[in-house]
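**Student:** Structure in structure tokens, see below.
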Amino acid sequence: MAVIQKHGKSSSPDLVCHKENVPPDKIGAPGCHKKRPEAHSNWPRPVARIWTVVLLLGTCLLYCARVAMPICAVSMAEKFNWTKRESGMVLGSFFWGYCFTQVFGGYVSDRVGGEKVLLLSAAAWGSMTAFTPILAHLCSQPIFSMTLARFLMGLLQGVHYPSLASLCSQKVVESERGFLMSTVGSGSYLGTLVIGGVGSLMLDLYGWESVFYVSGLLSVLWAYCMWKYLLKGEGPIITLESLCNGGTQPKLNKRHWAQLLKQPAVCAVIVTHLCTASTFFTLLSWLPTFFKDTFPEAKGWVFNVIPWLVAIPSSLFSGCLSDHLICQGTHIIRVLFFFSMGVSSVFTVLLCGNTTFSWAVAFVSATMGLTTFSHSGVSLNVQDLAPSCAGALFGIMNTCGAFSGVLMVYFSGYLIEATGSWASMFALITTVNLMGLFTFLAFAEARRVDIDSSRVRHHSIHI
């Protein structure tokens, strides 16, 4: 590796690009070679497997707590005499809170460690979930207390995925990141299934309060076990000093962030994640209504369960595939996004025509299963591009994705009402997906574009 050293007057590091030496038979194959040692020590494989299981369970509980309110919304509306508009205000307040802590959670995780942020946030949103019924009964205006509670839930849960991205970039070797992120990501589908099945049963037998109590207390128990057995009772204290001086990666200033966000590869992954997130939110929000309107005699548990049962093994498979392709020297990111946004669009287009219930469930299941491939693609590409600030960059992407998701859900409803056809929504989803795919294929790269922490004093450019 040739190194050209610049001895300019400025003492601040420049944005640089890294190209590592690779074996002759792997030239041009990103990700299959050994990178230079990072300041963070990676987990041994047995430890990484334990953390994978723990984080999978944590993500499952995250979604159990998140979906508890939608599961209980009808019962709570009857109890407190809420209108549809008021119920929608309570449910929607979560996403507005969710948008505001993405970047902050990623930044703090990059400085002090993602495991500390995950621990503190889980203890907080778990406690908030468990106290939700108490707040509803104590307040004279439950609509206001529940709207505030859901907004705070969004704030507290917004740090989860940026913290995961930061933790993975710091502690997991590159050849195993795909499996970890896809496995942990499948916890969202598992949590939706668990709370949809067990939560509905508890709702019928013990009342809506029990759903909040159980999901909240289990989340707090998970946080305690992680602190006790994985962090060995270490105090998860985040101080101002640790935020300013913590971490071994260099801290990017405003100029570096401006240069980083001007990189075509960074803009490409942000736009692509915006497209995948908005289409996923739209499908998640409107698919139940689509099935009820189009196939009114269909069983709800069929179209609410089967797509998620397909998504779980599909997410695990995408992680194993990405790790395998890394070892084979294949450009894995483009492959994953081709399946996630390209092939899935084929099945979305098929939903635009007249079809039977069985084929509609099959097309939706294929779409949701292929969409999970983006878990490995987005998270891996962020860690390739900017490992020194992966959490904060992922937070920026998730913020954009959350805002665009809310807007696209509303716009899809307008299209459905204006045209009287569900084909307009599926056509919009296909268009947005293909736009994101073409943007990624045209501009995305896997080379590092953030600052070089090992050559800061010499302003090195690696060729």
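Chain labels run A, B, ... following the order of the structure tokens; each chain numbers its residues from 1, and ligands are numbered from 1 in the order shown.
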Which residues, written as a VMD selection string, have at least one atom at most 12 Å from Tyr63 of chain A, with only C-alpha atoms counted and residues fewer than 6 positions away on the same chain left out?

**Tutor:** chain A and resid 56 to 57 69 to 71 122 125 to 126 129 153 to 154 157 160 184 to 196 199 215 to 216 219

**Student:** Let me make sure I understand: among A:Gln259, A:Ser421, A:Ser315, A:Thr272, which one has the smallest atom-to-atom distance to Phe440 of chain A if we use only C-alpha atoms?

**Tutor:**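 Among A:Gln259, A:Ser421, A:Ser315, A:Thr272, it is A:Thr272 that comes nearest to Phe440 of chain A.
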
**Student:** Given only C-alpha atoms as the basis, pick out the residue of A:His273, A:Arg66, A:Lys299, A:Lys292 nearest to Thr371 of chain A.

**Tutor:**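 Smallest separation from Thr371 of chain A among the options: A:His273.
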
**Student:** Got a sec: who's within 9 Å of segment 170-172 of chain A, counting only C-alpha atoms, leaving out chain neighbours fewer than 2 positions off, as a VMD selection string?

**Tutor:** chain A and resid 38 to 45 48 110 113 to 114 165 to 168 174 to 177 180 387 to 388

**Student:** For segment 78-95 of chain A, find every residue with an atom within 12 Å (counting only C-alpha atoms), except residues of its own chain fewer than 6 positions away, and show them as a ChimeraX atom specification.

**Tutor:** /A:65-72,101-102,125,133,136-137,139-158,207-209,281,285,398-407,409-410

**Student:** Could you list, as a PDB file with N, CA and C atoms, in the first residue's frame, every residue within 9 Å of Phe303 of chain A, counting only C-alpha atoms and ignoring same-chain residues fewer than 3 positions away?

**Tutor:**
```pdb
ATOM      1  N   LEU A 287     -51.230  -3.199   4.461  1.00  0.00           N
ATOM      2  CA  LEU A 287     -51.533  -4.559   4.022  1.00  0.00           C
ATOM      3  C   LEU A 287     -52.756  -5.168   4.720  1.00  0.00           C
ATOM      4  N   PRO A 288     -52.906  -5.025   6.054  1.00  0.00           N
ATOM      5  CA  PRO A 288     -54.123  -5.577   6.679  1.00  0.00           C
ATOM      6  C   PRO A 288     -55.403  -5.008   6.084  1.00  0.00           C
ATOM      7  N   PHE A 291     -56.091  -6.536   2.566  1.00  0.00           N
ATOM      8  CA  PHE A 291     -56.679  -7.873   2.603  1.00  0.00           C
ATOM      9  C   PHE A 291     -58.145  -7.822   3.045  1.00  0.00           C
ATOM     10  N   ALA A 298     -61.667 -13.529   4.240  1.00  0.00           N
ATOM     11  CA  ALA A 298     -60.412 -14.192   4.598  1.00  0.00           C
ATOM     12  C   ALA A 298     -60.175 -14.137   6.098  1.00  0.00           C
ATOM     13  N   LYS A 299     -59.447 -15.130   6.596  1.00  0.00           N
ATOM     14  CA  LYS A 299     -59.090 -15.188   8.007  1.00  0.00           C
ATOM     15  C   LYS A 299     -57.931 -14.230   8.294  1.00  0.00           C
ATOM     16  N   GLY A 300     -58.119 -13.386   9.302  1.00  0.00           N
ATOM     17  CA  GLY A 300     -57.095 -12.398   9.618  1.00  0.00           C
ATOM     18  C   GLY A 300     -55.773 -12.994  10.039  1.00  0.00           C
ATOM     19  N   ILE A 306     -48.601 -15.303   8.221  1.00  0.00           N
ATOM     20  CA  ILE A 306     -47.759 -16.013   7.245  1.00  0.00           C
ATOM     21  C   ILE A 306     -46.631 -15.142   6.684  1.00  0.00           C
ATOM     22  N   PRO A 307     -46.868 -13.876   6.279  1.00  0.00           N
ATOM     23  CA  PRO A 307     -45.742 -13.078   5.773  1.00  0.00           C
ATOM     24  C   PRO A 307     -44.605 -12.921   6.776  1.00  0.00           C
ATOM     25  N   VAL A 361     -51.482 -13.725  -0.771  1.00  0.00           N
ATOM     26  CA  VAL A 361     -50.672 -14.032   0.409  1.00  0.00           C
ATOM     27  C   VAL A 361     -49.279 -14.464  -0.013  1.00  0.00           C
ATOM     28  N   VAL A 364     -47.316 -11.324  -1.225  1.00  0.00           N
ATOM     29  CA  VAL A 364     -46.952 -10.475  -0.086  1.00  0.00           C
ATOM     30  C   VAL A 364     -45.849 -11.135   0.741  1.00  0.00           C
ATOM     31  N   SER A 365     -45.943 -12.429   0.956  1.00  0.00           N
ATOM     32  CA  SER A 365     -44.925 -13.148   1.730  1.00  0.00           C
ATOM     33  C   SER A 365     -43.571 -13.074   1.036  1.00  0.00           C
TER      34      SER A 365
END
```

**Student:** Counting only C-alpha atoms, figure out which residue out of A:Phe295, A:Phe394, A:Phe373, A:Trp257 gets nearest to Ser314 of chain A.

**Tutor:**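 Selected residue with least distance to Ser314 of chain A: A:Phe373.
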
**Student:** Go through A:Val54, A:Thr355, A:Lys116, A:Cys275 one by one, measure the shortest atom-to-atom distance of each to Met408 of chain A using only C-alpha atoms, and give the residue with the smallest value.

**Tutor:**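 Answer, going by the shortest atom-to-atom distance: A:Cys275.
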
**Student:** Could you name the residues that touch segment 318-320 of chain A at 7 Å or less, counting only C-alpha atoms, but leaving out those on the same chain fewer than 3 positions away, as a list of chain:residue names?

**Tutor:**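 Close residues of segment 318-320 of chain A: A:Gly178, A:Phe179, A:Ser182, A:Thr183, A:Ser314, A:Ser315, A:Asp323, A:His324, A:Phe373, A:Ser376.
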
**Student:** May I have the selected residues written with N, CA, C and O atoms, as an mmCIF file, in the first residue's frame?

**Tutor:**
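The resulting file, part_31.cif, is shown below:
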```cif
data_model
loop_
_atom_site.group_PDB
_atom_site.id
_atom_site.type_symbol
_atom_site.label_atom_id
_atom_site.label_comp_id
_atom_site.auth_asym_id
_atom_site.auth_seq_id
_atom_site.Cartn_x
_atom_site.Cartn_y
_atom_site.Cartn_z
ATOM 1 N N GLY A 178 -22.796 -9.589 8.844
ATOM 2 C CA GLY A 178 -24.043 -9.827 8.133
ATOM 3 C C GLY A 178 -24.965 -10.759 8.897
ATOM 4 O O GLY A 178 -26.159 -10.509 9.022
ATOM 5 N N PHE A 179 -24.401 -11.854 9.430
ATOM 6 C CA PHE A 179 -25.215 -12.807 10.173
ATOM 7 C C PHE A 179 -25.774 -12.173 11.438
ATOM 8 O O PHE A 179 -26.948 -12.346 11.763
ATOM 9 N N SER A 182 -28.548 -9.441 10.519
ATOM 10 C CA SER A 182 -29.780 -10.028 9.993
ATOM 11 C C SER A 182 -30.500 -10.843 11.053
ATOM 12 O O SER A 182 -31.738 -10.847 11.119
ATOM 13 N N THR A 183 -29.737 -11.549 11.905
ATOM 14 C CA THR A 183 -30.358 -12.332 12.976
ATOM 15 C C THR A 183 -31.042 -11.415 13.982
ATOM 16 O O THR A 183 -32.195 -11.648 14.382
ATOM 17 N N SER A 314 -36.061 -15.840 6.155
ATOM 18 C CA SER A 314 -35.464 -15.090 5.059
ATOM 19 C C SER A 314 -34.396 -14.130 5.569
ATOM 20 O O SER A 314 -33.331 -13.984 4.958
ATOM 21 N N SER A 315 -34.669 -13.470 6.691
ATOM 22 C CA SER A 315 -33.690 -12.560 7.284
ATOM 23 C C SER A 315 -32.441 -13.314 7.730
ATOM 24 O O SER A 315 -31.304 -12.863 7.506
ATOM 25 N N ASP A 323 -22.374 -13.264 4.661
ATOM 26 C CA ASP A 323 -21.086 -13.703 5.200
ATOM 27 C C ASP A 323 -20.389 -14.668 4.242
ATOM 28 O O ASP A 323 -19.156 -14.630 4.084
ATOM 29 N N HIS A 324 -21.152 -15.539 3.594
ATOM 30 C CA HIS A 324 -20.571 -16.483 2.634
ATOM 31 C C HIS A 324 -20.003 -15.752 1.427
ATOM 32 O O HIS A 324 -18.884 -16.052 0.964
ATOM 33 N N PHE A 373 -33.632 -8.647 3.132
ATOM 34 C CA PHE A 373 -32.237 -8.663 2.687
ATOM 35 C C PHE A 373 -31.568 -7.311 2.897
ATOM 36 O O PHE A 373 -30.339 -7.222 2.950
ATOM 37 N N SER A 376 -29.011 -6.704 6.075
ATOM 38 C CA SER A 376 -27.577 -6.928 5.930
ATOM 39 C C SER A 376 -26.945 -5.866 5.040
ATOM 40 O O SER A 376 -25.846 -5.390 5.310
#
```

**Student:** Pick out the residues sitting within 10 Å of segment 224-229 of chain A, and hand them over as a count of residues only; count only C-alpha atoms, and ignore anything fewer than 2 positions along from it in its own chain.

**Tutor:** 22

**Student:** Would you work out the distance separating atom CA of Ser374 of chain A from atom CA of Val432 of chain A, expressed in Å to one decimal?

**Tutor:** 14.6 Å

**Student:** Go through A:Ser210, A:Asn304, A:Thr282, A:Thr59 and flag the residue nearest Ser163 of chain A, using only C-alpha atoms for the distances.

**Tutor:**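 The closest residue to Ser163 of chain A is A:Thr59.
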
**Student:** Which residue, A:Ser358, A:Ser109, A:Thr289, A:Thr276, has the smallest gap to Ile429 of chain A when you use only C-alpha atoms?

**Tutor:**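 Of all the options, A:Thr276 lies closest to Ile429 of chain A.
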
**Student:** Would you mind reading off the distance between atom CA of Ala130 of chain A and atom CA of Tyr213 of chain A, one decimal, in Å?

**Tutor:**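 Interatomic distance here is 4.5 Å.
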